[in-house]
Amino acid sequence: MLQLRLFFILISVIITSIATAQISSATVSGIIKSKVNKAAIPYVNVVVKSDKDSAFIAGTVTNDGRFTISKIKPGNYQVNISFMGFEDKKQSLFVGSLSEFLEIPIIELD
């Protein structure tokens, strides 16, 4: 009987720790490069737009081509990238609830 109680307590602790391990927002980052010469493109406009309600979070790429956008809640998004002289690019993005940081693979603009 004591072993059964300990087993249920252990299971409860494990389930509670898994449930609290989920996050409420994440930071998304990546690098924008030119498809032609593979050089980083500074100061590109990056907009992360929610598929659910079209709410958006905007960010700008630094001079080394890297962007970081914080406080993105888990869900499905559309990343819109634009810069003068390049074609605009749209990319789907899924932000899960298990990691605080999400690194997007290199995005190349034509």
# chains A, B, ... in the order shown; residues from 1 in each chain; ligands from 1

call {"tool": "select_by_dssp", "arguments": {"residues": "chain A", "states": "alpha helix (DSSP H)", "output": "short mmCIF file (atom, residue, chain, number, x, y, z; two decimals) with C-alpha atoms, in the first residue's frame"}}
result
data_model
loop_
_atom_site.label_atom_id
_atom_site.label_comp_id
_atom_site.auth_asym_id
_atom_site.auth_seq_id
_atom_site.Cartn_x
_atom_site.Cartn_y
_atom_site.Cartn_z
CA LEU A 2 2.82 2.39 0.87
CA GLN A 3 4.54 1.59 -2.44
CA LEU A 4 1.36 2.41 -4.35
CA ARG A 5 1.09 5.80 -2.63
CA LEU A 6 4.72 6.60 -3.40
CA PHE A 7 4.18 5.61 -7.01
CA PHE A 8 1.21 8.00 -7.38
CA ILE A 9 3.13 10.82 -5.68
CA LEU A 10 6.05 10.28 -8.04
CA ILE A 11 3.76 10.32 -11.08
CA SER A 12 2.11 13.54 -9.84
CA VAL A 13 5.48 15.25 -9.42
CA ILE A 14 6.61 14.22 -12.91
CA ILE A 15 3.39 15.43 -14.55
CA THR A 16 3.56 18.73 -12.67
CA SER A 17 7.18 19.33 -13.69
CA ILE A 18 6.38 18.61 -17.35
CA ALA A 19 3.37 20.94 -17.30
CA THR A 20 5.38 23.82 -15.81
#

call {"tool": "residues_around", "arguments": {"residues": "Lys35 of chain A", "least_positions_apart": "6", "cutoff": "12 Å", "atoms": "only C-alpha atoms", "output": "ChimeraX atom specification"}}
result
/A:41,86-87,106-110

call {"tool": "closest_residue", "arguments": {"among": "A:Ile69, A:Met84, A:Ala55, A:Val46", "to": "Phe101 of chain A", "atoms": "only C-alpha atoms"}}
result
A:Ile69

call {"tool": "select_by_dssp", "arguments": {"residues": "segment 51-97 of chain A", "states": "strand (DSSP E)", "output": "number ranges by chain"}}
result
A: 56-60, 66-72, 75-82, 89-95

call {"tool": "write_last_selection", "arguments": {"atoms": "N, CA and C atoms", "output": "mmCIF file, in the first residue's frame"}}
result
data_model
loop_
_atom_site.group_PDB
_atom_site.id
_atom_site.type_symbol
_atom_site.label_atom_id
_atom_site.label_comp_id
_atom_site.auth_asym_id
_atom_site.auth_seq_id
_atom_site.Cartn_x
_atom_site.Cartn_y
_atom_site.Cartn_z
ATOM 1 N N PHE A 56 0.881 41.771 -35.260
ATOM 2 C CA PHE A 56 2.255 41.643 -35.723
ATOM 3 C C PHE A 56 3.251 42.223 -34.736
ATOM 4 N N ILE A 57 4.485 41.731 -34.869
ATOM 5 C CA ILE A 57 5.619 42.229 -34.107
ATOM 6 C C ILE A 57 6.685 42.552 -35.150
ATOM 7 N N ALA A 58 7.198 43.762 -35.123
ATOM 8 C CA ALA A 58 8.174 44.180 -36.127
ATOM 9 C C ALA A 58 9.566 44.241 -35.527
ATOM 10 N N GLY A 59 10.538 44.063 -36.394
ATOM 11 C CA GLY A 59 11.917 44.158 -35.964
ATOM 12 C C GLY A 59 12.782 44.592 -37.129
ATOM 13 N N THR A 60 13.994 45.020 -36.841
ATOM 14 C CA THR A 60 14.931 45.421 -37.876
ATOM 15 C C THR A 60 16.203 44.621 -37.703
ATOM 16 N N ARG A 66 21.769 40.067 -38.647
ATOM 17 C CA ARG A 66 21.048 39.254 -37.650
ATOM 18 C C ARG A 66 19.854 40.016 -37.103
ATOM 19 N N PHE A 67 18.750 39.280 -36.909
ATOM 20 C CA PHE A 67 17.591 39.877 -36.252
ATOM 21 C C PHE A 67 17.190 39.033 -35.058
ATOM 22 N N THR A 68 16.570 39.690 -34.089
ATOM 23 C CA THR A 68 16.058 39.033 -32.890
ATOM 24 C C THR A 68 14.735 39.705 -32.549
ATOM 25 N N ILE A 69 13.684 38.904 -32.436
ATOM 26 C CA ILE A 69 12.373 39.416 -32.071
ATOM 27 C C ILE A 69 11.910 38.648 -30.842
ATOM 28 N N SER A 70 11.593 39.383 -29.784
ATOM 29 C CA SER A 70 11.240 38.775 -28.500
ATOM 30 C C SER A 70 9.740 38.788 -28.244
ATOM 31 N N LYS A 71 9.350 38.048 -27.222
ATOM 32 C CA LYS A 71 7.978 37.996 -26.700
ATOM 33 C C LYS A 71 6.962 37.515 -27.734
ATOM 34 N N ILE A 72 7.308 36.452 -28.455
ATOM 35 C CA ILE A 72 6.390 35.841 -29.410
ATOM 36 C C ILE A 72 5.730 34.650 -28.728
ATOM 37 N N GLY A 75 2.494 29.564 -31.387
ATOM 38 C CA GLY A 75 1.450 29.569 -32.414
ATOM 39 C C GLY A 75 2.048 29.589 -33.805
ATOM 40 N N ASN A 76 1.180 29.755 -34.801
ATOM 41 C CA ASN A 76 1.585 29.811 -36.204
ATOM 42 C C ASN A 76 1.702 31.263 -36.643
ATOM 43 N N TYR A 77 2.785 31.560 -37.369
ATOM 44 C CA TYR A 77 3.062 32.919 -37.802
ATOM 45 C C TYR A 77 3.518 32.934 -39.255
ATOM 46 N N GLN A 78 3.513 34.131 -39.827
ATOM 47 C CA GLN A 78 4.062 34.388 -41.150
ATOM 48 C C GLN A 78 5.172 35.426 -40.954
ATOM 49 N N VAL A 79 6.370 35.129 -41.441
ATOM 50 C CA VAL A 79 7.478 36.073 -41.357
ATOM 51 C C VAL A 79 7.570 36.786 -42.695
ATOM 52 N N ASN A 80 7.440 38.113 -42.679
ATOM 53 C CA ASN A 80 7.536 38.928 -43.889
ATOM 54 C C ASN A 80 8.836 39.713 -43.842
ATOM 55 N N ILE A 81 9.658 39.552 -44.895
ATOM 56 C CA ILE A 81 10.959 40.193 -44.946
ATOM 57 C C ILE A 81 10.979 41.100 -46.172
ATOM 58 N N SER A 82 11.388 42.360 -45.984
ATOM 59 C CA SER A 82 11.430 43.289 -47.108
ATOM 60 C C SER A 82 12.624 44.228 -46.987
ATOM 61 N N LYS A 89 9.939 38.607 -49.210
ATOM 62 C CA LYS A 89 9.870 37.162 -48.965
ATOM 63 C C LYS A 89 8.938 36.896 -47.795
ATOM 64 N N LYS A 90 8.122 35.847 -47.928
ATOM 65 C CA LYS A 90 7.246 35.400 -46.849
ATOM 66 C C LYS A 90 7.605 33.969 -46.511
ATOM 67 N N GLN A 91 7.603 33.676 -45.213
ATOM 68 C CA GLN A 91 7.969 32.339 -44.752
ATOM 69 C C GLN A 91 7.101 31.972 -43.563
ATOM 70 N N SER A 92 6.593 30.746 -43.553
ATOM 71 C CA SER A 92 5.799 30.275 -42.418
ATOM 72 C C SER A 92 6.709 29.973 -41.236
ATOM 73 N N LEU A 93 6.159 30.154 -40.038
ATOM 74 C CA LEU A 93 6.925 29.925 -38.820
ATOM 75 C C LEU A 93 6.010 29.352 -37.755
ATOM 76 N N PHE A 94 6.443 28.281 -37.112
ATOM 77 C CA PHE A 94 5.718 27.715 -35.974
ATOM 78 C C PHE A 94 6.569 27.909 -34.730
ATOM 79 N N VAL A 95 5.989 28.545 -33.727
ATOM 80 C CA VAL A 95 6.672 28.740 -32.442
ATOM 81 C C VAL A 95 6.014 27.798 -31.443
#

call {"tool": "residues_around", "arguments": {"residues": "Gly65 of chain A", "least_positions_apart": "4", "cutoff": "8 Å", "atoms": "only C-alpha atoms", "output": "PyMOL selection string"}}
result
chain A and resi 31-33+40-44+61

call {"tool": "write_last_selection", "arguments": {"atoms": "C-alpha atoms", "output": "PDB file, in the first residue's frame"}}
result
ATOM      1  CA  ILE A  31      20.244  35.927 -40.338  1.00  0.00           C
ATOM      2  CA  ILE A  32      19.274  37.597 -43.630  1.00  0.00           C
ATOM      3  CA  LYS A  33      21.695  37.222 -46.561  1.00  0.00           C
ATOM      4  CA  ALA A  40      24.639  39.635 -44.796  1.00  0.00           C
ATOM      5  CA  ILE A  41      22.096  42.381 -45.535  1.00  0.00           C
ATOM      6  CA  PRO A  42      21.865  45.033 -42.802  1.00  0.00           C
ATOM      7  CA  TYR A  43      18.729  46.905 -41.700  1.00  0.00           C
ATOM      8  CA  VAL A  44      16.162  44.643 -43.401  1.00  0.00           C
ATOM      9  CA  VAL A  61      18.054  43.528 -38.811  1.00  0.00           C
TER      10      VAL A  61
END

call {"tool": "atom_distance", "arguments": {"atom1": "atom CA of Val48 of chain A", "atom2": "atom CA of Ile104 of chain A"}}
result
12.4 Å

call {"tool": "atom_distance", "arguments": {"atom1": "atom CA of Thr62 of chain A", "atom2": "atom CA of Ser25 of chain A"}}
result
22.2 Å

call {"tool": "atom_distance", "arguments": {"atom1": "atom CA of Ile23 of chain A", "atom2": "atom CA of Asp64 of chain A"}}
result
29.0 Å

call {"tool": "residues_around", "arguments": {"residues": "Ser97 of chain A", "least_positions_apart": "4", "cutoff": "7 Å", "atoms": "only C-alpha atoms", "output": "NGL selection string"}}
result
:A and (22-24 or 74)
